[in-house]
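The structure appears right after this line, and notes come after that.
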Amino acid sequence: MAAPTGNQFWKARTKHGRDKLFSSPELLWEACCEYFQWCEDNPLMEEKLVSFQGHSKREKVARMRAMTQAGLTVFLDITDETWRAWREKKDDFSGVVKQVDSIIREQKFAGAAADLLNANIIARDLGLADKKEVKQETTARVSVDMSP
């Protein structure tokens, strides 16, 4: 059964809409720092075969986990669109977002430079891929002999 026409039940609500996930830039910064710490505390594990004095065994080796904007937005339970909107607005959140973006970029760059992350993947992600443009001009002369 539909609500009666002209009802004002909505006025009985104690609040309208959902609560903000982050009520201040400081809370957003703290949550981003938690993500940074989580990345550090949860490295990716690689299994390597190591040999010593004729004995071989498999060992798990911790590999650096790259911080990403996608990983951060999942961790914060927000969408990429929300993150972009915060970056583009000229408010307190935009400063935090720009700082966090810089930290993520630096972590990836430093990890790739130290060969802790795949340099090719990180270079493409950061827009640092080498681009080579080859320009070549050729001139051709054609002569036709029409004599019998």
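Please note that chains go A, B, ... in the order of the structure tokens, that every chain numbers its residues from 1, and that ligands are numbered from 1 in the order shown.
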Return as a list in words the full set of residues in range 19-127 of chain A whose backbone-based DSSP assignment is strand (DSSP E).
Leu44, Met45, Glu46, Glu47, Lys48, Leu49, Val50, Ser51, Phe52, His55, Ser56, Lys57, Arg58, Glu59, Lys60, Val61, Ala62 and Arg63 of chain A
DSSP says alpha helix (DSSP H) for which residues of range 10-100 of chain A? Put them as number ranges by chain?
A: 25-41, 69-76, 80-88, 92-100
Can you write just those residues out, C-alpha atoms, as a compact mmCIF listing (two decimals), in the first residue's frame?
```txt
# COMPACT_ATOMS: atom_id res chain seq x y z
CA PRO A 25 40.40 16.33 6.70
CA GLU A 26 42.26 15.09 9.79
CA LEU A 27 40.14 11.93 9.91
CA LEU A 28 40.76 11.34 6.20
CA TRP A 29 44.52 11.79 6.74
CA GLU A 30 44.49 9.30 9.66
CA ALA A 31 42.62 6.73 7.54
CA CYS A 32 45.12 7.19 4.69
CA CYS A 33 47.99 6.69 7.13
CA GLU A 34 46.32 3.45 8.25
CA TYR A 35 46.37 2.32 4.60
CA PHE A 36 50.07 3.20 4.31
CA GLN A 37 50.79 1.19 7.45
CA TRP A 38 48.67 -1.72 6.20
CA CYS A 39 50.70 -1.82 2.95
CA GLU A 40 53.90 -1.92 4.97
CA ASP A 41 52.62 -4.56 7.40
CA GLN A 69 44.85 4.85 -5.46
CA ALA A 70 42.57 1.90 -6.23
CA GLY A 71 43.83 0.04 -3.16
CA LEU A 72 43.37 3.15 -1.04
CA THR A 73 39.79 3.73 -2.18
CA VAL A 74 38.91 0.10 -1.43
CA PHE A 75 40.55 0.42 1.99
CA LEU A 76 38.63 3.66 2.71
CA ASP A 80 37.23 6.48 -7.33
CA GLU A 81 34.73 9.20 -8.25
CA THR A 82 34.60 10.37 -4.64
CA TRP A 83 38.40 10.53 -4.47
CA ARG A 84 38.55 12.54 -7.73
CA ALA A 85 35.81 14.88 -6.52
CA TRP A 86 37.73 15.55 -3.31
CA ARG A 87 40.87 16.28 -5.36
CA GLU A 88 39.07 18.75 -7.66
CA ASP A 92 40.38 21.10 3.05
CA PHE A 93 39.98 17.60 1.61
CA SER A 94 41.74 18.51 -1.65
CA GLY A 95 44.95 19.30 0.22
CA VAL A 96 44.94 15.90 1.93
CA VAL A 97 44.11 14.10 -1.32
CA LYS A 98 46.93 15.83 -3.21
CA GLN A 99 49.40 15.03 -0.43
CA VAL A 100 48.33 11.37 -0.38
```
Excluding same-chain residues fewer than 5 positions from range 53-60 of chain A, what lies within 12 Å of it counting only C-alpha atoms, as a PyMOL selection string?
chain A and resi 43-48
With C-alpha atoms kept, could you save the residues just selected as an mmCIF file, in the first residue's frame?
```
data_model
loop_
_atom_site.group_PDB
_atom_site.id
_atom_site.type_symbol
_atom_site.label_atom_id
_atom_site.label_comp_id
_atom_site.auth_asym_id
_atom_site.auth_seq_id
_atom_site.Cartn_x
_atom_site.Cartn_y
_atom_site.Cartn_z
ATOM 1 C CA PRO A 43 53.931 -7.287 1.983
ATOM 2 C CA LEU A 44 53.355 -9.583 -0.966
ATOM 3 C CA MET A 45 54.933 -12.995 -0.436
ATOM 4 C CA GLU A 46 57.042 -14.654 -3.121
ATOM 5 C CA GLU A 47 58.251 -18.231 -2.947
ATOM 6 C CA LYS A 48 61.887 -18.706 -4.002
#
```
Could you check which of A:Ser147, A:Thr68, A:Gln136, A:Asn7 is closest to Phe109 in chain A, using only C-alpha atoms?
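Smallest separation from Phe109 in chain A among the options: A:Thr68.
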Among the residues A:Ala112, A:Ile121, A:Val144, A:Leu128, the one that comes closest to Met64 in chain A [using only C-alpha atoms]:
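Checking each of A:Ala112, A:Ile121, A:Val144, A:Leu128 against Met64 in chain A, counting only C-alpha atoms, the winner is A:Ala112.
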